[in-house]
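Dumped target_23.cif below, it's mmCIF, C-alpha atoms:
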```cif
data_target
loop_
_atom_site.label_atom_id
_atom_site.label_comp_id
_atom_site.auth_asym_id
_atom_site.auth_seq_id
_atom_site.Cartn_x
_atom_site.Cartn_y
_atom_site.Cartn_z
CA MET A 18 -27.09 -27.05 -152.97
CA SER A 19 -26.43 -30.54 -151.64
CA THR A 20 -23.34 -32.52 -152.62
CA PRO A 21 -23.69 -33.97 -156.09
CA THR A 22 -24.05 -37.74 -156.29
CA PHE A 23 -24.07 -40.03 -159.32
CA ARG A 24 -27.83 -40.20 -159.04
CA SER A 25 -28.48 -36.48 -158.65
CA GLU A 26 -26.25 -35.73 -161.65
CA LEU A 27 -28.01 -38.42 -163.65
CA THR A 28 -31.59 -37.31 -163.04
CA ARG A 29 -30.92 -33.58 -163.37
CA GLY A 30 -31.18 -33.73 -167.16
CA PHE A 31 -34.55 -35.51 -167.20
CA TRP A 32 -36.67 -32.60 -166.12
CA ARG A 33 -35.10 -29.86 -163.97
CA GLU A 34 -32.38 -29.07 -166.50
CA ASN A 35 -33.78 -30.82 -169.55
CA PRO A 36 -31.35 -30.04 -172.41
CA ILE A 37 -34.12 -29.23 -174.88
CA PHE A 38 -36.92 -27.57 -172.94
CA VAL A 39 -34.80 -25.80 -170.33
CA ILE A 40 -31.24 -25.37 -171.57
CA VAL A 41 -32.41 -25.25 -175.23
CA LEU A 42 -29.37 -26.96 -176.69
CA GLY A 43 -29.31 -29.08 -179.81
CA THR A 44 -32.54 -27.75 -181.25
CA CYS A 45 -31.40 -28.24 -184.86
CA PRO A 46 -31.35 -32.06 -184.77
CA THR A 47 -34.41 -31.93 -182.51
CA LEU A 48 -36.46 -30.18 -185.14
CA ALA A 49 -35.04 -32.22 -188.01
CA VAL A 50 -35.33 -35.71 -186.56
CA SER A 51 -38.55 -35.56 -184.51
CA THR A 52 -40.73 -36.65 -187.42
CA SER A 53 -41.37 -40.14 -186.07
CA LEU A 54 -41.06 -41.86 -182.72
CA GLN A 55 -38.71 -44.47 -184.12
CA ASN A 56 -36.29 -41.81 -185.33
CA ALA A 57 -36.50 -40.04 -181.99
CA VAL A 58 -35.59 -43.12 -179.97
CA GLY A 59 -32.72 -43.97 -182.34
CA MET A 60 -31.27 -40.48 -182.33
CA GLY A 61 -31.77 -40.15 -178.58
CA LEU A 62 -29.91 -43.34 -177.72
CA ALA A 63 -27.06 -42.54 -180.11
CA VAL A 64 -26.68 -39.08 -178.55
CA THR A 65 -26.79 -40.56 -175.05
CA PHE A 66 -23.97 -42.92 -175.91
CA VAL A 67 -21.79 -40.19 -177.38
CA THR A 68 -22.44 -37.59 -174.64
CA ALA A 69 -21.60 -40.13 -171.95
CA CYS A 70 -18.34 -41.15 -173.65
CA SER A 71 -17.25 -37.66 -174.63
CA ASN A 72 -18.03 -36.32 -171.15
CA ALA A 73 -15.97 -39.11 -169.59
CA LEU A 74 -13.04 -38.51 -171.94
CA VAL A 75 -13.07 -34.73 -171.48
CA ALA A 76 -13.20 -35.10 -167.69
CA MET A 77 -10.32 -37.56 -167.89
CA LEU A 78 -8.19 -35.21 -170.01
CA ARG A 79 -9.09 -31.97 -168.26
CA GLY A 80 -5.69 -31.85 -166.54
CA ILE A 81 -3.92 -31.94 -169.92
CA ILE A 82 -6.10 -29.66 -172.04
CA PRO A 83 -5.04 -25.99 -171.66
CA ASN A 84 -7.89 -23.60 -170.99
CA LYS A 85 -7.27 -21.43 -174.04
CA ILE A 86 -7.57 -24.21 -176.61
CA ARG A 87 -10.18 -26.31 -174.87
CA ILE A 88 -12.93 -25.77 -177.46
CA PRO A 89 -10.97 -27.19 -180.45
CA CYS A 90 -9.92 -30.08 -178.23
CA PHE A 91 -13.54 -30.80 -177.27
CA ILE A 92 -14.57 -30.75 -180.91
CA VAL A 93 -11.81 -33.17 -181.86
CA VAL A 94 -12.87 -35.51 -179.05
CA ALA A 95 -16.54 -35.38 -180.06
CA ALA A 96 -15.90 -35.74 -183.80
CA THR A 97 -13.45 -38.60 -183.36
CA PHE A 98 -15.80 -40.39 -181.07
CA VAL A 99 -18.78 -40.00 -183.37
CA THR A 100 -16.83 -41.24 -186.39
CA ILE A 101 -15.49 -44.26 -184.54
CA THR A 102 -19.00 -45.10 -183.34
CA ASP A 103 -20.29 -44.74 -186.88
CA LEU A 104 -17.63 -47.03 -188.36
CA PHE A 105 -18.04 -49.68 -185.68
CA MET A 106 -21.80 -49.71 -185.99
CA HIS A 107 -21.56 -49.88 -189.77
CA ALA A 108 -19.26 -52.89 -189.51
CA PHE A 109 -20.53 -54.84 -186.53
CA THR A 110 -24.14 -53.90 -185.84
CA PHE A 111 -25.26 -53.45 -189.40
CA PRO A 112 -29.08 -53.68 -188.98
CA LEU A 113 -28.94 -51.09 -186.20
CA TRP A 114 -26.70 -48.89 -188.33
CA GLN A 115 -29.15 -49.09 -191.22
CA ALA A 116 -31.88 -47.80 -188.94
CA LEU A 117 -29.80 -45.09 -187.25
CA GLY A 118 -27.05 -44.49 -189.79
CA ILE A 119 -28.35 -41.15 -190.98
CA PHE A 120 -28.33 -39.71 -187.47
CA ILE A 121 -24.85 -40.70 -186.41
CA PRO A 122 -22.92 -38.01 -188.36
CA LEU A 123 -25.52 -35.47 -187.21
CA ILE A 124 -24.47 -36.02 -183.62
CA VAL A 125 -21.23 -34.08 -184.14
CA VAL A 126 -23.16 -30.88 -184.70
CA ASN A 127 -25.35 -31.48 -181.67
CA CYS A 128 -24.56 -28.63 -179.27
CA ILE A 129 -25.45 -30.77 -176.26
CA ILE A 130 -22.15 -32.61 -176.54
CA LEU A 131 -19.99 -29.51 -176.76
CA GLY A 132 -22.18 -27.71 -174.22
CA ARG A 133 -21.86 -30.42 -171.60
CA ALA A 134 -18.12 -30.83 -172.20
CA GLU A 135 -17.67 -27.10 -171.65
CA ALA A 136 -20.17 -26.49 -168.88
CA TYR A 137 -19.79 -29.67 -166.88
CA ALA A 138 -17.22 -32.30 -167.82
CA TYR A 139 -14.30 -29.84 -167.91
CA LYS A 140 -14.92 -28.92 -164.27
CA ASN A 141 -15.97 -32.22 -162.71
CA THR A 142 -14.80 -35.75 -162.01
CA VAL A 143 -15.04 -38.56 -164.54
CA TRP A 144 -17.70 -40.31 -162.49
CA HIS A 145 -20.01 -37.32 -162.25
CA ALA A 146 -19.35 -36.28 -165.82
CA THR A 147 -20.43 -39.70 -167.06
CA ALA A 148 -23.62 -39.48 -165.01
CA ASP A 149 -24.27 -36.02 -166.41
CA GLY A 150 -23.68 -37.27 -169.97
CA ILE A 151 -26.09 -40.18 -169.61
CA GLY A 152 -28.68 -38.01 -167.87
CA MET A 153 -28.52 -35.25 -170.46
CA GLY A 154 -28.70 -37.82 -173.25
CA LEU A 155 -31.77 -39.48 -171.74
CA GLY A 156 -33.37 -36.09 -171.11
CA PHE A 157 -32.78 -35.29 -174.77
CA THR A 158 -34.33 -38.64 -175.72
CA LEU A 159 -37.44 -38.01 -173.60
CA ALA A 160 -38.00 -34.54 -175.01
CA LEU A 161 -37.41 -35.77 -178.56
CA CYS A 162 -39.90 -38.61 -178.06
CA ALA A 163 -42.53 -36.21 -176.74
CA ILE A 164 -42.20 -33.94 -179.79
CA ALA A 165 -41.98 -36.85 -182.21
CA SER A 166 -45.06 -38.64 -180.85
CA ILE A 167 -47.22 -35.58 -181.36
CA ARG A 168 -45.82 -34.88 -184.82
CA GLU A 169 -46.11 -38.47 -185.99
CA VAL A 170 -49.69 -38.92 -184.76
CA LEU A 171 -50.97 -35.62 -186.15
CA GLY A 172 -48.84 -35.41 -189.27
CA ASN A 173 -48.83 -39.02 -190.38
CA GLY A 174 -51.63 -40.72 -188.45
CA THR A 175 -49.27 -43.36 -187.06
CA LEU A 176 -47.29 -44.05 -183.91
CA TRP A 177 -44.14 -46.21 -184.12
CA ASN A 178 -45.23 -46.81 -187.74
CA VAL A 179 -48.52 -48.37 -186.60
CA PRO A 180 -51.57 -46.69 -188.20
CA LEU A 181 -53.87 -45.34 -185.50
CA PHE A 182 -56.83 -44.18 -187.55
CA GLY A 183 -58.94 -45.57 -190.38
CA ASP A 184 -58.42 -44.78 -194.03
CA GLY A 185 -60.66 -41.72 -193.70
CA PHE A 186 -58.08 -39.88 -191.59
CA GLN A 187 -56.46 -37.01 -193.41
CA PRO A 188 -53.05 -36.34 -191.77
CA ILE A 189 -52.21 -32.73 -190.99
CA LEU A 190 -49.13 -32.61 -193.17
CA ILE A 191 -47.75 -29.41 -191.66
CA PHE A 192 -46.82 -31.26 -188.46
CA ILE A 193 -44.32 -33.38 -190.37
CA LEU A 194 -42.86 -30.31 -192.07
CA ALA A 195 -40.50 -27.84 -190.40
CA PRO A 196 -43.16 -25.28 -189.29
CA GLY A 197 -44.98 -28.02 -187.40
CA ALA A 198 -41.75 -28.85 -185.60
CA PHE A 199 -41.47 -25.29 -184.31
CA PHE A 200 -45.12 -25.27 -183.37
CA VAL A 201 -44.96 -28.47 -181.29
CA PHE A 202 -41.58 -27.52 -179.82
CA GLY A 203 -42.87 -24.12 -178.70
CA SER A 204 -46.10 -25.49 -177.26
CA LEU A 205 -44.32 -28.18 -175.26
CA MET A 206 -41.78 -25.69 -173.98
CA ALA A 207 -44.61 -23.42 -172.84
CA ILE A 208 -46.32 -26.30 -171.03
CA SER A 209 -43.04 -27.29 -169.41
CA ASN A 210 -42.43 -23.71 -168.22
CA TRP A 211 -45.96 -23.41 -166.93
CA LEU A 212 -45.62 -26.62 -164.92
CA LYS A 213 -42.31 -25.40 -163.51
CA ALA A 214 -43.80 -22.05 -162.55
CA ARG A 215 -46.63 -23.80 -160.74
CA GLN A 216 -44.19 -26.05 -158.93
CA GLY A 217 -42.13 -23.02 -157.95
CA GLY A 218 -45.23 -21.14 -156.76
CA ALA A 219 -46.34 -24.01 -154.58
CA ALA A 220 -42.96 -24.39 -152.88
CA MET B 11 6.48 -15.45 -173.69
CA MET B 12 3.41 -14.91 -175.87
CA LYS B 13 5.13 -16.55 -178.80
CA ASN B 14 6.16 -19.54 -176.69
CA GLU B 15 2.59 -20.08 -175.60
CA THR B 16 1.31 -19.99 -179.18
CA VAL B 17 3.88 -22.56 -180.25
CA LYS B 18 3.02 -24.74 -177.27
CA PHE B 19 -0.66 -24.65 -178.12
CA ALA B 20 -0.03 -25.34 -181.77
CA VAL B 21 2.09 -28.36 -180.92
CA LEU B 22 -0.48 -29.60 -178.42
CA LEU B 23 -3.35 -29.25 -180.85
CA PHE B 24 -1.26 -30.89 -183.54
CA LEU B 25 -0.59 -33.85 -181.26
CA PHE B 26 -4.22 -34.01 -180.27
CA ALA B 27 -5.40 -34.03 -183.87
CA GLY B 28 -2.68 -36.52 -184.79
CA LEU B 29 -3.80 -38.93 -182.08
CA ALA B 30 -7.40 -38.56 -183.17
CA GLY B 31 -6.30 -39.24 -186.76
CA LEU B 32 -4.43 -42.36 -185.71
CA ALA B 33 -7.45 -43.64 -183.80
CA LEU B 34 -9.66 -43.00 -186.83
CA GLY B 35 -7.22 -44.60 -189.22
CA ALA B 36 -6.93 -47.70 -187.07
CA THR B 37 -10.72 -47.97 -186.77
CA TYR B 38 -11.12 -47.52 -190.52
CA GLN B 39 -8.62 -50.27 -191.29
CA LEU B 40 -10.27 -52.51 -188.75
CA THR B 41 -13.79 -52.05 -190.11
CA ARG B 42 -13.20 -51.43 -193.83
CA GLU B 43 -13.70 -54.96 -195.10
CA ARG B 44 -16.78 -55.68 -193.03
CA ILE B 45 -18.34 -52.39 -194.08
CA ALA B 46 -17.74 -53.13 -197.75
CA ALA B 47 -19.16 -56.64 -197.32
CA ASN B 48 -22.24 -55.28 -195.54
CA ASP B 49 -22.88 -52.65 -198.22
CA ASP B 50 -22.40 -55.21 -200.98
CA GLY B 51 -24.88 -57.51 -199.27
CA VAL B 52 -27.57 -54.83 -199.29
CA ARG B 53 -27.01 -54.05 -202.95
CA ARG B 54 -27.06 -57.70 -203.87
CA THR B 55 -30.23 -58.41 -201.90
CA ALA B 56 -31.98 -55.52 -203.62
CA LEU B 57 -30.84 -56.62 -207.08
CA GLU B 58 -31.82 -60.24 -206.40
CA ALA B 59 -35.25 -59.05 -205.36
CA VAL B 60 -35.87 -57.06 -208.54
CA LEU B 61 -34.42 -59.42 -211.17
CA PRO B 62 -36.87 -60.65 -213.81
CA VAL B 63 -37.36 -64.41 -214.29
CA HIS B 64 -34.04 -66.00 -215.27
CA ASP B 65 -32.25 -69.35 -215.47
CA ASN B 66 -28.72 -67.96 -215.56
CA ASN B 67 -26.52 -66.44 -212.88
CA PRO B 68 -26.85 -62.67 -213.39
CA PHE B 69 -24.19 -61.94 -210.79
CA ALA B 70 -21.60 -64.08 -212.58
CA GLU B 71 -22.57 -62.69 -215.99
CA LYS B 72 -22.76 -59.02 -215.01
CA PHE B 73 -21.03 -56.57 -217.32
CA ALA B 74 -20.29 -52.87 -217.39
CA TRP B 75 -22.16 -50.61 -219.82
CA GLU B 76 -18.72 -49.89 -221.28
CA LYS B 77 -18.88 -53.25 -223.07
CA TYR B 78 -21.51 -51.98 -225.54
CA ARG B 79 -20.59 -48.30 -225.39
CA GLU B 80 -19.95 -47.69 -229.08
CA ALA B 81 -23.08 -49.45 -230.26
CA LEU B 82 -25.22 -47.76 -227.61
CA LEU B 83 -23.92 -44.30 -228.43
CA ALA B 84 -24.63 -44.97 -232.11
CA ALA B 85 -28.14 -46.31 -231.41
CA ALA B 86 -29.39 -43.81 -228.80
CA PRO B 87 -26.95 -40.91 -228.37
CA ALA B 88 -29.48 -38.80 -226.44
CA GLU B 89 -29.82 -41.33 -223.62
CA PHE B 90 -26.15 -41.76 -222.77
CA PRO B 91 -23.35 -39.56 -221.45
CA PRO B 92 -20.18 -39.19 -223.55
CA ALA B 93 -17.39 -41.76 -223.34
CA GLY B 94 -15.29 -41.47 -220.19
CA ASP B 95 -18.27 -40.72 -217.94
CA ALA B 96 -18.33 -42.76 -214.72
CA PHE B 97 -21.69 -44.16 -215.84
CA TRP B 98 -20.01 -46.51 -218.29
CA GLN B 99 -18.34 -48.35 -215.42
CA SER B 100 -21.68 -49.08 -213.70
CA GLU B 101 -22.99 -52.60 -214.04
CA VAL B 102 -25.89 -54.42 -215.64
CA PHE B 103 -27.10 -57.76 -214.29
CA PRO B 104 -28.63 -59.57 -217.27
CA ALA B 105 -31.51 -62.01 -216.83
CA MET B 106 -31.34 -64.79 -219.40
CA GLN B 107 -34.07 -67.30 -220.07
CA GLY B 108 -33.25 -70.24 -222.35
CA GLY B 109 -30.12 -68.50 -223.55
CA THR B 110 -31.76 -65.30 -224.67
CA TRP B 111 -32.31 -61.85 -223.21
CA ASN B 112 -35.10 -61.60 -220.69
CA GLY B 113 -34.35 -58.18 -219.32
CA ALA B 114 -31.97 -57.11 -216.59
CA ALA B 115 -31.60 -55.58 -213.17
CA LEU B 116 -29.54 -52.51 -212.45
CA GLN B 117 -29.02 -49.79 -209.94
CA VAL B 118 -29.88 -46.24 -210.96
CA GLU B 119 -29.14 -43.04 -209.12
CA ARG B 120 -30.29 -39.42 -209.08
CA ILE B 121 -29.74 -36.56 -206.68
CA GLY B 122 -32.80 -36.08 -204.48
CA TYR B 123 -33.46 -33.42 -201.87
CA GLY B 124 -30.42 -34.01 -199.69
CA GLY B 125 -28.18 -36.36 -201.62
CA PRO B 126 -28.13 -39.34 -203.95
CA VAL B 127 -31.16 -41.62 -204.08
CA GLN B 128 -30.26 -45.11 -205.29
CA THR B 129 -32.93 -47.33 -206.77
CA ALA B 130 -32.72 -50.91 -208.01
CA ILE B 131 -35.00 -51.79 -210.92
CA GLY B 132 -35.78 -54.94 -212.85
CA VAL B 133 -37.11 -54.74 -216.39
CA ASP B 134 -38.16 -57.86 -218.30
CA GLY B 135 -37.68 -58.68 -221.97
CA ALA B 136 -40.99 -57.03 -222.91
CA GLY B 137 -39.95 -53.77 -221.26
CA ASN B 138 -42.17 -54.18 -218.18
CA LEU B 139 -40.95 -52.72 -214.90
CA VAL B 140 -41.26 -55.97 -212.94
CA ASN B 141 -39.88 -54.70 -209.66
CA ILE B 142 -38.42 -51.64 -208.01
CA ARG B 143 -36.78 -51.03 -204.68
CA VAL B 144 -35.04 -48.03 -203.17
CA VAL B 145 -31.60 -49.10 -201.97
CA ALA B 146 -30.46 -45.88 -200.30
CA CYS B 147 -32.05 -42.52 -199.61
CA ALA B 148 -30.24 -41.76 -196.37
CA GLN B 149 -30.06 -38.01 -196.90
CA GLU B 150 -33.73 -37.41 -197.67
CA THR B 151 -35.89 -35.75 -195.02
CA PRO B 152 -36.84 -38.43 -192.46
CA GLY B 153 -40.57 -39.11 -192.49
CA LEU B 154 -41.09 -37.16 -195.69
CA GLY B 155 -38.57 -37.72 -198.46
CA THR B 156 -37.88 -41.20 -197.11
CA LYS B 157 -41.49 -42.08 -197.98
CA ALA B 158 -40.29 -42.29 -201.56
CA ALA B 159 -38.68 -45.59 -200.48
CA GLU B 160 -42.00 -47.01 -199.27
CA ARG B 161 -44.23 -49.44 -201.09
CA ALA B 162 -47.21 -47.08 -201.23
CA PHE B 163 -45.29 -44.75 -203.52
CA LEU B 164 -43.23 -47.39 -205.34
CA ASP B 165 -46.40 -49.33 -206.28
CA GLY B 166 -47.55 -46.25 -208.14
CA VAL B 167 -44.24 -46.16 -209.99
CA GLN B 168 -44.19 -49.87 -210.77
CA TYR B 169 -47.83 -50.40 -211.75
CA GLN B 170 -49.77 -48.62 -214.42
CA ASP B 171 -52.83 -50.17 -212.80
CA PRO B 172 -52.04 -51.15 -209.19
CA ALA B 173 -55.34 -53.02 -208.69
CA ALA B 174 -54.81 -55.26 -211.73
CA ARG B 175 -51.02 -55.41 -211.19
CA VAL B 176 -50.31 -54.14 -214.69
CA CYS B 177 -46.63 -53.16 -214.73
CA ARG B 178 -45.53 -49.94 -216.31
CA SER B 179 -43.51 -49.98 -219.47
CA LEU B 180 -42.33 -47.21 -221.75
CA ALA B 181 -45.13 -48.32 -224.10
CA ASN B 182 -48.10 -47.99 -221.71
CA THR B 183 -46.95 -44.91 -219.83
CA ALA B 184 -46.96 -41.92 -222.15
CA ASN B 185 -45.26 -39.52 -219.78
CA PHE B 186 -42.96 -41.33 -217.39
CA SER B 187 -42.47 -38.51 -214.92
CA VAL B 188 -43.92 -37.06 -211.74
CA ASN B 189 -47.40 -35.47 -211.91
CA LYS B 190 -46.07 -32.01 -211.01
CA ASP B 191 -44.00 -32.15 -214.20
CA GLY B 192 -47.08 -33.10 -216.20
CA GLY B 193 -46.36 -36.83 -215.89
CA ASP B 194 -48.51 -39.84 -215.07
CA ILE B 195 -47.06 -40.83 -211.69
CA ALA B 196 -48.19 -39.42 -208.33
CA ALA B 197 -45.44 -37.97 -206.14
CA VAL B 198 -45.31 -38.34 -202.35
CA THR B 199 -47.17 -35.33 -200.96
CA GLY B 200 -44.63 -32.76 -199.82
CA ALA B 201 -41.70 -34.71 -201.26
CA THR B 202 -41.82 -33.96 -204.97
CA ILE B 203 -38.04 -33.69 -205.29
CA SER B 204 -37.35 -37.09 -203.73
CA SER B 205 -40.15 -38.65 -205.83
CA ARG B 206 -38.80 -37.02 -208.96
CA ALA B 207 -35.32 -38.40 -208.23
CA VAL B 208 -36.73 -41.93 -208.14
CA ILE B 209 -39.05 -41.61 -211.12
CA ASN B 210 -36.62 -39.85 -213.45
CA ALA B 211 -33.84 -42.29 -212.60
CA VAL B 212 -36.18 -45.22 -213.28
CA ALA B 213 -37.42 -43.75 -216.57
CA GLN B 214 -33.88 -43.13 -217.78
CA GLY B 215 -32.79 -46.60 -216.66
CA MET B 216 -35.67 -48.13 -218.64
CA ARG B 217 -34.86 -46.16 -221.79
CA ARG B 218 -31.22 -47.18 -221.51
CA LEU B 219 -32.14 -50.83 -220.97
CA ALA B 220 -34.41 -50.70 -224.03
CA ALA B 221 -31.46 -49.46 -226.09
CA LEU B 222 -29.21 -52.10 -224.55
CA GLN B 223 -31.69 -54.85 -225.43
CA GLN B 224 -31.69 -53.78 -229.09
CA VAL B 225 -27.91 -53.66 -229.18
CA TRP B 226 -27.57 -56.98 -227.39
CA LEU B 227 -30.03 -58.76 -229.69
CA ALA B 228 -28.30 -57.32 -232.77
CA ALA B 229 -24.92 -58.46 -231.46
CA ALA B 230 -26.34 -61.91 -230.72
CA ALA B 231 -27.88 -62.15 -234.20
CA SER B 232 -24.62 -61.18 -235.89
CA ALA B 233 -22.77 -63.70 -233.71
CA VAL B 234 -25.16 -66.38 -234.93
CA ALA B 235 -24.57 -65.32 -238.52
CA THR B 236 -20.79 -65.44 -238.02
CA ASP B 237 -21.04 -68.84 -236.40
CA ALA B 238 -23.09 -70.11 -239.32
CA GLN B 239 -20.34 -68.96 -241.70
CA THR B 240 -17.44 -70.32 -239.72
CA GLY B 241 -19.25 -73.38 -238.43
CA ALA B 242 -18.30 -72.58 -234.84
CA THR B 243 -20.53 -73.49 -231.94
CA ARG B 244 -20.65 -71.62 -228.70
CA PRO B 245 -21.27 -73.16 -225.34
CA GLY B 246 -24.03 -71.34 -223.55
CA GLY B 247 -26.05 -70.19 -226.54
CA TYR B 248 -25.57 -66.69 -227.93
CA ARG B 249 -23.46 -65.53 -225.04
#
```
For this file, produce the structure as structure tokens.
Amino acid sequence: MSTPTFRSELTRGFWRENPIFVIVLGTCPTLAVSTSLQNAVGMGLAVTFVTACSNALVAMLRGIIPNKIRIPCFIVVAATFVTITDLFMHAFTFPLWQALGIFIPLIVVNCIILGRAEAYAYKNTVWHATADGIGMGLGFTLALCAIASIREVLGNGTLWNVPLFGDGFQPILIFILAPGAFFVFGSLMAISNWLKARQGGAA
Amino acid sequence: MMKNETVKFAVLLFLFAGLAGLALGATYQLTRERIAANDDGVRRTALEAVLPVHDNNPFAEKFAWEKYREALLAAAPAEFPPAGDAFWQSEVFPAMQGGTWNGAALQVERIGYGGPVQTAIGVDGAGNLVNIRVVACAQETPGLGTKAAERAFLDGVQYQDPAARVCRSLANTANFSVNKDGGDIAAVTGATISSRAVINAVAQGMRRLAALQQVWLAAAASAVATDAQTGATRPGGYR
């Protein structure tokens, strides 16, 4: 493998190691929040912000944190960071908070943050860890948007809250409900694996 | 050796958590006032939007239910919780027109699917539900339960006849509950619990306001009678 650069660490999460379709981390918020494209973008950007910051902080503190108690330390870092973000957004970017507010506390339980702190940030430099955090966050956002677009169009007949069909359209409600989330998630993962297998076969 | 390590870790974790706590405390102090102001603004905007026609200042003349507790409990004991309940501290924003009662706005709350659903309602002097707005339903399922905050559903709650804009009142709606409970109001498909939280809270709020109106008018009438006996005059009408 070539030497990691800021760019290679950044783009890794988009497709090759996409946190949702390949690493399969953070599926709980993925299934819960992917009901509309607007929600997906909001949640995705909030997660990107927190993963980048928590990765940077963990990489910075990796000399101080003893190996045996690293997990509780990571959780404290992530939870503190999420709460501070939540409070600041509530106070200073109120309209944005109103739109995203429900997702902010959910970020703490997103495994991507803990997973990246453990698997990457604890073993790498601050610079690369930040790139990894942003990349993983954006990869999460892309995957979430893909699922959410399909669910919103089929389950609600809209995209970004804009109605796409006439009044005669009967939305397929199940796509908005939890079973539809699993269905779309599974189908997209299958497509992603198939594309990867083809790529691998060609090379 | 083992023991030393445990103590070291405990102290380290303690310090770590303490630092995190300090950071959180500082942030909380820093943001507390702005957060409260922001939240108040939302509540006020919603209440302003739902208030019936008025020529007074409902926000200056707001009062807690506690003010009429005894009379209300005597008049409609089934509609109200016992004394001491937190409900009695919640506020009513009265709409006055020409010095007399023309309804009120208030915020009502019920537990929905994931948490509390707060709704602001305005009811005029004739008991019509003149406006309704969901203030907060943050814990409802996004894209499903949150549809109970949208106009398409709320129009069905507010209007007995949406086309003719006939508002609902306790008089023209025989069963003020969600259709799954045998009521007259259509729930959001797939979000009966969130819909029920809104509708039941609204229905209860309207029944309570009806009782309050009776009590208020009786109190105003007796104040007039007392004034007539003592010859006193009150600035600002019956208030």
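Compared by their closest atoms to chain A, and using only C-alpha atoms, the residues B:Thr110, B:Asn138, B:Gln128, B:Gln149 rank with B:Gln149 nearest.
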Pull out every residue of chain A sitting within 9 Å of chain B, counting all atoms listed in the file, and send them as a VMD selection string.
chain A and resid 49 to 53 56 82 to 83 85 to 86 89 to 90 93 to 94 96 to 98 100 to 101 104 to 105 107 to 109 111 118 to 119 169 173 190 193 to 194
Residues returned when the PyMOL selection byres ((chain B and resi 216) around 10) runs on this file, as a compact mmCIF listing (two decimals) with C-alpha atoms, keeping the file's coordinate frame:
```txt
# COMPACT_ATOMS: atom_id res chain seq x y z
CA ALA B 114 -31.97 -57.11 -216.59
CA LEU B 116 -29.54 -52.51 -212.45
CA VAL B 118 -29.88 -46.24 -210.96
CA ILE B 131 -35.00 -51.79 -210.92
CA GLY B 132 -35.78 -54.94 -212.85
CA VAL B 133 -37.11 -54.74 -216.39
CA GLY B 137 -39.95 -53.77 -221.26
CA ASN B 138 -42.17 -54.18 -218.18
CA LEU B 139 -40.95 -52.72 -214.90
CA SER B 179 -43.51 -49.98 -219.47
CA LEU B 180 -42.33 -47.21 -221.75
CA ASN B 210 -36.62 -39.85 -213.45
CA ALA B 211 -33.84 -42.29 -212.60
CA VAL B 212 -36.18 -45.22 -213.28
CA ALA B 213 -37.42 -43.75 -216.57
CA GLN B 214 -33.88 -43.13 -217.78
CA GLY B 215 -32.79 -46.60 -216.66
CA ARG B 217 -34.86 -46.16 -221.79
CA ARG B 218 -31.22 -47.18 -221.51
CA LEU B 219 -32.14 -50.83 -220.97
CA ALA B 220 -34.41 -50.70 -224.03
CA ALA B 221 -31.46 -49.46 -226.09
CA LEU B 222 -29.21 -52.10 -224.55
```
Evaluate the PyMOL selection byres ((chain B and resi 82-94) around 7) and report residues as a PyMOL selection string
chain B and resi 78-81+95-96+218+221-222+225
Spatial neighbours of Leu74 of chain A, 10 Å, only C-alpha atoms, chain gap at least 4 places, as a PDB file with C-alpha atoms, in the frame of the given file:
```
ATOM      1  CA  THR A  68     -22.440 -37.590-174.640  1.00  0.00           C
ATOM      2  CA  ALA A  69     -21.600 -40.130-171.950  1.00  0.00           C
ATOM      3  CA  CYS A  70     -18.340 -41.150-173.650  1.00  0.00           C
ATOM      4  CA  LEU A  78      -8.190 -35.210-170.010  1.00  0.00           C
ATOM      5  CA  ARG A  79      -9.090 -31.970-168.260  1.00  0.00           C
ATOM      6  CA  PHE A  91     -13.540 -30.800-177.270  1.00  0.00           C
ATOM      7  CA  VAL A  94     -12.870 -35.510-179.050  1.00  0.00           C
ATOM      8  CA  ALA A  95     -16.540 -35.380-180.060  1.00  0.00           C
ATOM      9  CA  PHE A  98     -15.800 -40.390-181.070  1.00  0.00           C
ATOM     10  CA  ALA A 134     -18.120 -30.830-172.200  1.00  0.00           C
ATOM     11  CA  ALA A 138     -17.220 -32.300-167.820  1.00  0.00           C
ATOM     12  CA  TYR A 139     -14.300 -29.840-167.910  1.00  0.00           C
ATOM     13  CA  VAL A 143     -15.040 -38.560-164.540  1.00  0.00           C
ATOM     14  CA  ALA A 146     -19.350 -36.280-165.820  1.00  0.00           C
ATOM     15  CA  THR A 147     -20.430 -39.700-167.060  1.00  0.00           C
TER      16      THR A 147
END
```
